[in-house]
Amino acid sequence: MIRPRLTRLLAVLLTFSAGPAFAAKRMVTIDAPARAVAGSKVMITVTANTDASDGEKIGFFHAEYSVDGGQKWTGFCYDEKLGPNAVRTVSFPVGAKGAQAKIRVLVAFRGGKAGDVDFNGAPIKWDASWKKWESPPARLATIDVAAK
C-alpha cells in the first residue's frame, strides 16, 4: 500500500519541480472616475505591465480620449519600445451634461517567447484588431457626465 502512494507522491513532486511553469501576467488598466460634473477636469491614469522574464516588454502603448462620446479623439500617448512597466496620465475637462468622455488604450507586448501579444496573451492581429480599437487588444473606459 505504501509503494503506490509513494510512487504517486514522487510523480507529483517531479511534475511541480521540473521548472517554472507559469504563464506571464500582463495587465492594462485605466483608472478613471465613472462620473464627472459637466465642465470639470478629470485625471486619468493608464498602466501597462508584464511579468514575463523572457525579455518581453511593452512594444506599443497607445492611448486616446474623447469628450464627445467618441466622435473625435485626442491622443495622449503613442509610445514604443518601453520596459516591462509603464504609466501614463492625462488630465482634461469633460464635456456638457449628458455627454460621455471615453478613454481607449492599445498595448502590444513584444520581445518575449510569446511573440507580439495582447494583455490576454493572444497574438496581435495587426491588420484586424489593432486598428479597430476593439477589446482585446484594447481597454476602454467611459465617464458619464452629470449636471453641476
# chains A, B, ... in the order shown; residues from 1 in each chain; ligands from 1
>>> residues_around(residues="segment 116-129 of chain A", least_positions_apart="2", cutoff="12 Å", atoms="only C-alpha atoms", output="compact mmCIF listing (two decimals) with C-alpha atoms, in the first residue's frame")
# COMPACT_ATOMS: atom_id res chain seq x y z
CA ALA A 23 2.10 31.96 -17.55
CA ALA A 24 3.18 35.55 -17.83
CA LYS A 25 0.81 38.06 -16.32
CA ARG A 26 0.12 41.08 -18.45
CA MET A 27 -2.07 43.93 -17.32
CA VAL A 28 -3.55 47.03 -18.88
CA THR A 29 -5.69 49.20 -16.61
CA THR A 47 -0.97 51.42 -16.56
CA ALA A 48 0.54 48.55 -18.52
CA ASN A 49 2.91 45.85 -17.31
CA THR A 50 4.20 42.35 -17.86
CA ASP A 51 5.99 39.99 -15.51
CA ALA A 52 7.36 37.77 -18.27
CA GLU A 56 9.09 40.64 -23.07
CA LYS A 57 8.45 44.37 -22.89
CA ILE A 58 5.76 46.84 -23.84
CA GLY A 59 6.26 47.28 -27.57
CA PHE A 60 3.44 49.74 -28.23
CA PHE A 61 1.43 51.83 -25.78
CA VAL A 105 -5.82 52.17 -24.79
CA LEU A 106 -3.97 49.74 -27.05
CA VAL A 107 -0.95 47.85 -25.73
CA ALA A 108 1.15 45.26 -27.53
CA PHE A 109 3.70 43.20 -25.64
CA ARG A 110 6.77 42.17 -27.67
CA GLY A 111 10.21 40.65 -27.48
CA GLY A 112 9.40 37.53 -25.50
CA LYS A 113 8.81 33.91 -26.40
CA ALA A 114 5.08 34.56 -26.91
CA LYS A 131 -6.56 49.29 -35.95
CA LYS A 132 -10.16 48.91 -34.73
CA TRP A 133 -9.53 49.80 -31.06
CA GLU A 134 -11.66 46.85 -30.01
CA SER A 135 -11.11 44.74 -26.95
CA PRO A 136 -8.71 43.00 -26.89
CA PRO A 137 -6.08 44.26 -27.53
CA ALA A 138 -7.73 47.48 -26.33
CA ARG A 139 -9.09 48.57 -22.97
>>> select_by_dssp(residues="segment 93-137 of chain A", states="helix (DSSP H, G or I)", output="ChimeraX atom specification")
/A:129-132
>>> closest_residue(among="A:Glu64, A:Gly39, A:Ser53, A:Leu82", to="Leu140 of chain A", atoms="only C-alpha atoms")
A:Glu64
>>> atom_distance(atom1="atom CA of Ala36 of chain A", atom2="atom CA of Thr89 of chain A")
17.1 Å
>>> select_by_dssp(residues="segment 1-147 of chain A", states="strand (DSSP E or B)", output="number ranges by chain")
A: 26-31, 35-37, 41-50, 57-66, 74-80, 85-93, 100-110, 117, 123, 138-146
>>> residues_around(residues="Tyr65 of chain A", least_positions_apart="2", cutoff="9 Å", atoms="only C-alpha atoms", output="list in words")
Ala63, Val67, Gly70, Lys72, Trp73, Thr74, Gly75, Phe76, Val90, Phe92, Ala101, Lys102, Ile103, Arg104 and Val105 of chain A
>>> atom_distance(atom1="atom CA of Ala141 of chain A", atom2="atom CA of Lys81 of chain A")
24.4 Å
>>> atom_distance(atom1="atom CA of Ile44 of chain A", atom2="atom CA of Ala32 of chain A")
5.0 Å
